[in-house]
Number of protein chains: 2
Amino acid sequence: MNVVELSAIARFSPEKMQKVSILDTPRMFFDLYCLEPGQAQKPHRHDGSDKVYVVVEGRVRFTVDGEERDVEAGHAVVCPAGSDHGVTNPGPGRARLLVAMAPRPG
Amino acid sequence: MNVVELSAIARFSPEKMQKVSILDTPRMFFDLYCLEPGQAQKPHRHDGSDKVYVVVEGRVRFTVDGEERDVEAGHAVVCPAGSDHGVTNPGPGRARLLVAMAPRPG
């Protein structure tokens, strides 16, 4: 059985946000994103894929279709196909996010 | 922006396990499963869809391809397409699970 301890696979880098894969198939990817304060994934869009984020540590600043909001651990943010979405860790602590996207963009 | 507080949407029933939808498209469903002690989803399989569970509250007994394991909050369990998988809440507390599946079975 493939059981993954989320705190054990976390990996941070001073260079940039880290993406740790939990599942990766053409049907879906499921990642843990690890952001040091100040790190970001800039807004982008996928016209044919839905994405759901879940904040599991810290606080994350989301920008979705131009709206900005800070979201704490224990919340999900839903970004349907075609929405512009980006994330930033405003600090002061680290942030970890679960990210499911389907299908995986080609 | 569609922000969902996971503790606020939880819904339990003495009748059976509750599935609370966070996203539901043909590409993916993303649900919160809420299980009272003793409630279960019996083992089943999807030959064309991957599933990832994340335990967010309590402890869940997983059965995947005949292997049984109790998994605590903070862990993910990966069930690729074609695997037999089921969940039970062995108690004594409530259990909540995030569940991503892609694509949504027809």
# chains A, B, ... in the order shown; residues from 1 in each chain; ligands from 1
>>> interface_residues(of="chain B", to="chain A", cutoff="9 Å", atoms="only C-alpha atoms", output="MDAnalysis selection string")
chainID B and resid 1:7 22:23 25 27:28 30 48:52 56 62:65 67:69 71 74:80 100:103
>>> calpha_fit_and_write(fixed="chain A", moving="chain B", output="tab-separated table (two decimals) with C-alpha atoms, in the first residue's frame")
chain	number	residue	atom	x	y	z
B	1	MET	CA	0.00	0.00	-0.01
B	2	ASN	CA	1.33	3.40	-0.98
B	3	VAL	CA	0.98	5.52	2.19
B	4	VAL	CA	2.67	8.93	2.17
B	5	GLU	CA	3.38	10.97	5.32
B	6	LEU	CA	2.94	14.56	4.22
B	7	SER	CA	5.34	16.06	6.77
B	8	ALA	CA	8.03	13.51	5.86
B	9	ILE	CA	8.07	14.24	2.11
B	10	ALA	CA	8.15	18.05	2.48
B	11	ARG	CA	11.21	19.53	0.78
B	12	PHE	CA	12.13	23.22	0.77
B	13	SER	CA	14.76	25.07	-1.25
B	14	PRO	CA	16.04	28.63	-1.01
B	15	GLU	CA	16.09	28.63	-4.84
B	16	LYS	CA	12.39	28.23	-5.58
B	17	MET	CA	9.12	26.59	-4.63
B	18	GLN	CA	9.44	22.79	-4.53
B	19	LYS	CA	6.89	20.38	-6.05
B	20	VAL	CA	6.91	16.92	-4.49
B	21	SER	CA	4.93	14.37	-6.49
B	22	ILE	CA	2.50	12.04	-4.75
B	23	LEU	CA	0.76	10.74	-7.91
B	24	ASP	CA	1.60	11.51	-11.52
B	25	THR	CA	-0.36	9.93	-14.36
B	26	PRO	CA	-1.88	11.35	-17.56
B	27	ARG	CA	-5.22	11.38	-15.67
B	28	MET	CA	-4.13	13.44	-12.63
B	29	PHE	CA	-1.18	14.83	-10.78
B	30	PHE	CA	-1.30	15.18	-7.02
B	31	ASP	CA	1.60	17.16	-5.54
B	32	LEU	CA	2.79	18.76	-2.33
B	33	TYR	CA	4.02	22.30	-3.01
B	34	CYS	CA	6.52	23.65	-0.45
B	35	LEU	CA	7.09	27.41	-0.34
B	36	GLU	CA	9.59	29.38	1.68
B	37	PRO	CA	8.47	32.91	2.57
B	38	GLY	CA	8.41	35.06	-0.56
B	39	GLN	CA	8.30	32.13	-3.00
B	40	ALA	CA	5.51	31.95	-5.55
B	41	GLN	CA	3.98	30.29	-8.57
B	42	LYS	CA	2.93	33.14	-10.80
B	43	PRO	CA	-0.60	33.27	-12.22
B	44	HIS	CA	-1.26	30.98	-15.19
B	45	ARG	CA	-4.16	29.03	-16.64
B	46	HIS	CA	-5.02	25.60	-17.99
B	47	ASP	CA	-7.97	25.64	-20.32
B	48	GLY	CA	-8.63	21.91	-20.11
B	49	SER	CA	-7.68	21.00	-16.52
B	50	ASP	CA	-9.27	21.62	-13.12
B	51	LYS	CA	-7.11	22.31	-10.09
B	52	VAL	CA	-7.84	22.09	-6.35
B	53	TYR	CA	-5.42	23.41	-3.72
B	54	VAL	CA	-5.55	22.57	-0.01
B	55	VAL	CA	-3.42	24.59	2.41
B	56	VAL	CA	-1.90	22.18	4.94
B	57	GLU	CA	0.67	24.47	6.60
B	58	GLY	CA	1.01	28.21	6.92
B	59	ARG	CA	-0.84	30.86	4.99
B	60	VAL	CA	-0.96	31.28	1.22
B	61	ARG	CA	-1.88	34.32	-0.84
B	62	PHE	CA	-4.02	33.19	-3.76
B	63	THR	CA	-4.76	35.20	-6.87
B	64	VAL	CA	-7.63	33.73	-8.89
B	65	ASP	CA	-9.03	35.62	-11.87
B	66	GLY	CA	-7.54	38.82	-10.48
B	67	GLU	CA	-8.95	38.43	-6.95
B	68	GLU	CA	-6.38	38.20	-4.13
B	69	ARG	CA	-7.01	36.41	-0.82
B	70	ASP	CA	-4.90	35.04	2.04
B	71	VAL	CA	-5.95	31.50	2.95
B	72	GLU	CA	-4.99	29.62	6.12
B	73	ALA	CA	-4.32	25.91	6.63
B	74	GLY	CA	-7.50	23.82	6.58
B	75	HIS	CA	-9.00	25.51	3.51
B	76	ALA	CA	-9.34	24.42	-0.12
B	77	VAL	CA	-9.30	26.75	-3.12
B	78	VAL	CA	-11.04	25.56	-6.28
B	79	CYS	CA	-9.66	26.69	-9.66
B	80	PRO	CA	-11.78	25.29	-12.49
B	81	ALA	CA	-10.39	24.92	-15.99
B	82	GLY	CA	-9.89	28.29	-17.61
B	83	SER	CA	-9.34	30.32	-14.43
B	84	ASP	CA	-6.15	32.30	-13.93
B	85	HIS	CA	-4.52	31.24	-10.67
B	86	GLY	CA	-1.31	31.80	-8.79
B	87	VAL	CA	0.05	31.41	-5.24
B	88	THR	CA	2.53	33.25	-3.05
B	89	ASN	CA	3.77	32.59	0.46
B	90	PRO	CA	3.62	36.01	2.15
B	91	GLY	CA	5.45	34.64	5.21
B	92	PRO	CA	6.65	34.81	7.86
B	93	GLY	CA	6.43	30.98	8.06
B	94	ARG	CA	6.79	28.19	5.53
B	95	ALA	CA	3.75	27.05	3.58
B	96	ARG	CA	2.69	23.65	2.27
B	97	LEU	CA	-0.09	23.04	-0.24
B	98	LEU	CA	-1.67	19.91	-1.64
B	99	VAL	CA	-2.43	20.34	-5.33
B	100	ALA	CA	-4.62	18.07	-7.45
B	101	MET	CA	-4.92	18.74	-11.17
B	102	ALA	CA	-6.80	16.67	-13.75
B	103	PRO	CA	-6.02	15.81	-16.39
B	104	ARG	CA	-2.29	16.47	-16.24
B	105	PRO	CA	-1.53	19.10	-18.88
B	106	GLY	CA	0.32	17.65	-21.87
>>> select_by_dssp(residues="range 28-100 of chain B", states="strand (DSSP E or B)", output="count of residues only")
47
>>> select_by_dssp(residues="chain A", states="helix (DSSP H, G or I)", output="ChimeraX atom specification")
/A:6-9
>>> write_last_selection(atoms="N, CA and C atoms", output="PDB file, in the first residue's frame")
ATOM      1  N   LEU A   6       2.758  13.252   4.870  1.00  0.00           N
ATOM      2  CA  LEU A   6       2.945  14.549   4.214  1.00  0.00           C
ATOM      3  C   LEU A   6       4.082  15.361   4.831  1.00  0.00           C
ATOM      4  N   SER A   7       4.255  15.273   6.161  1.00  0.00           N
ATOM      5  CA  SER A   7       5.335  16.058   6.775  1.00  0.00           C
ATOM      6  C   SER A   7       6.704  15.461   6.429  1.00  0.00           C
ATOM      7  N   ALA A   8       6.745  14.167   6.134  1.00  0.00           N
ATOM      8  CA  ALA A   8       8.028  13.511   5.856  1.00  0.00           C
ATOM      9  C   ALA A   8       8.533  13.787   4.444  1.00  0.00           C
ATOM     10  N   ILE A   9       7.626  14.029   3.504  1.00  0.00           N
ATOM     11  CA  ILE A   9       8.074  14.246   2.113  1.00  0.00           C
ATOM     12  C   ILE A   9       8.307  15.716   1.805  1.00  0.00           C
TER      13      ILE A   9
END
>>> decode(residues="range 33-57 of chain A", atoms="N, CA and C atoms", output="CSV table (one decimal), in the first residue's frame")
chain,number,residue,atom,x,y,z
A,33,TYR,N,3.2,21.1,-2.7
A,33,TYR,CA,4.0,22.3,-3.0
A,33,TYR,C,4.6,22.9,-1.7
A,34,CYS,N,5.9,23.2,-1.7
A,34,CYS,CA,6.5,23.7,-0.5
A,34,CYS,C,7.1,25.0,-0.8
A,35,LEU,N,6.7,26.0,0.0
A,35,LEU,CA,7.1,27.4,-0.4
A,35,LEU,C,7.7,28.1,0.9
A,36,GLU,N,9.0,28.5,0.7
A,36,GLU,CA,9.6,29.4,1.7
A,36,GLU,C,8.9,30.8,1.6
A,37,PRO,N,9.0,31.6,2.6
A,37,PRO,CA,8.5,32.9,2.6
A,37,PRO,C,9.0,33.6,1.3
A,38,GLY,N,8.1,34.3,0.6
A,38,GLY,CA,8.4,35.1,-0.6
A,38,GLY,C,8.4,34.3,-1.9
A,39,GLN,N,8.3,32.9,-1.8
A,39,GLN,CA,8.3,32.1,-3.0
A,39,GLN,C,6.9,32.1,-3.6
A,40,ALA,N,6.8,31.8,-4.9
A,40,ALA,CA,5.5,31.9,-5.6
A,40,ALA,C,5.5,31.1,-6.8
A,41,GLN,N,4.2,30.8,-7.2
A,41,GLN,CA,4.0,30.3,-8.6
A,41,GLN,C,3.1,31.3,-9.2
A,42,LYS,N,3.6,32.0,-10.3
A,42,LYS,CA,2.9,33.1,-10.8
A,42,LYS,C,1.6,32.7,-11.5
A,43,PRO,N,0.7,33.6,-11.6
A,43,PRO,CA,-0.6,33.3,-12.2
A,43,PRO,C,-0.5,32.7,-13.6
A,44,HIS,N,-1.2,31.7,-13.9
A,44,HIS,CA,-1.2,31.0,-15.2
A,44,HIS,C,-2.6,30.3,-15.3
A,45,ARG,N,-2.9,29.7,-16.5
A,45,ARG,CA,-4.2,29.0,-16.6
A,45,ARG,C,-4.0,27.8,-17.4
A,46,HIS,N,-5.0,26.8,-17.2
A,46,HIS,CA,-5.0,25.6,-18.0
A,46,HIS,C,-6.4,25.5,-18.5
A,47,ASP,N,-6.6,25.6,-19.8
A,47,ASP,CA,-8.0,25.6,-20.3
A,47,ASP,C,-8.7,24.3,-20.2
A,48,GLY,N,-7.9,23.2,-20.1
A,48,GLY,CA,-8.6,21.9,-20.1
A,48,GLY,C,-8.5,21.1,-18.8
A,49,SER,N,-7.9,21.7,-17.8
A,49,SER,CA,-7.7,21.0,-16.5
A,49,SER,C,-8.2,21.8,-15.3
A,50,ASP,N,-8.8,21.0,-14.4
A,50,ASP,CA,-9.3,21.6,-13.1
A,50,ASP,C,-8.2,21.5,-12.1
A,51,LYS,N,-8.1,22.4,-11.1
A,51,LYS,CA,-7.1,22.3,-10.1
A,51,LYS,C,-7.8,22.6,-8.7
A,52,VAL,N,-7.4,21.8,-7.7
A,52,VAL,CA,-7.8,22.1,-6.4
A,52,VAL,C,-6.6,22.2,-5.5
A,53,TYR,N,-6.5,23.3,-4.7
A,53,TYR,CA,-5.4,23.4,-3.7
A,53,TYR,C,-6.0,23.2,-2.3
A,54,VAL,N,-5.2,22.6,-1.4
A,54,VAL,CA,-5.5,22.6,0.0
A,54,VAL,C,-4.3,23.0,0.8
A,55,VAL,N,-4.5,24.1,1.6
A,55,VAL,CA,-3.4,24.6,2.4
A,55,VAL,C,-3.3,23.7,3.6
A,56,VAL,N,-2.1,23.1,3.8
A,56,VAL,CA,-1.9,22.2,4.9
A,56,VAL,C,-0.9,22.8,6.0
A,57,GLU,N,-0.2,23.8,5.6
A,57,GLU,CA,0.7,24.5,6.6
A,57,GLU,C,0.8,25.9,6.2
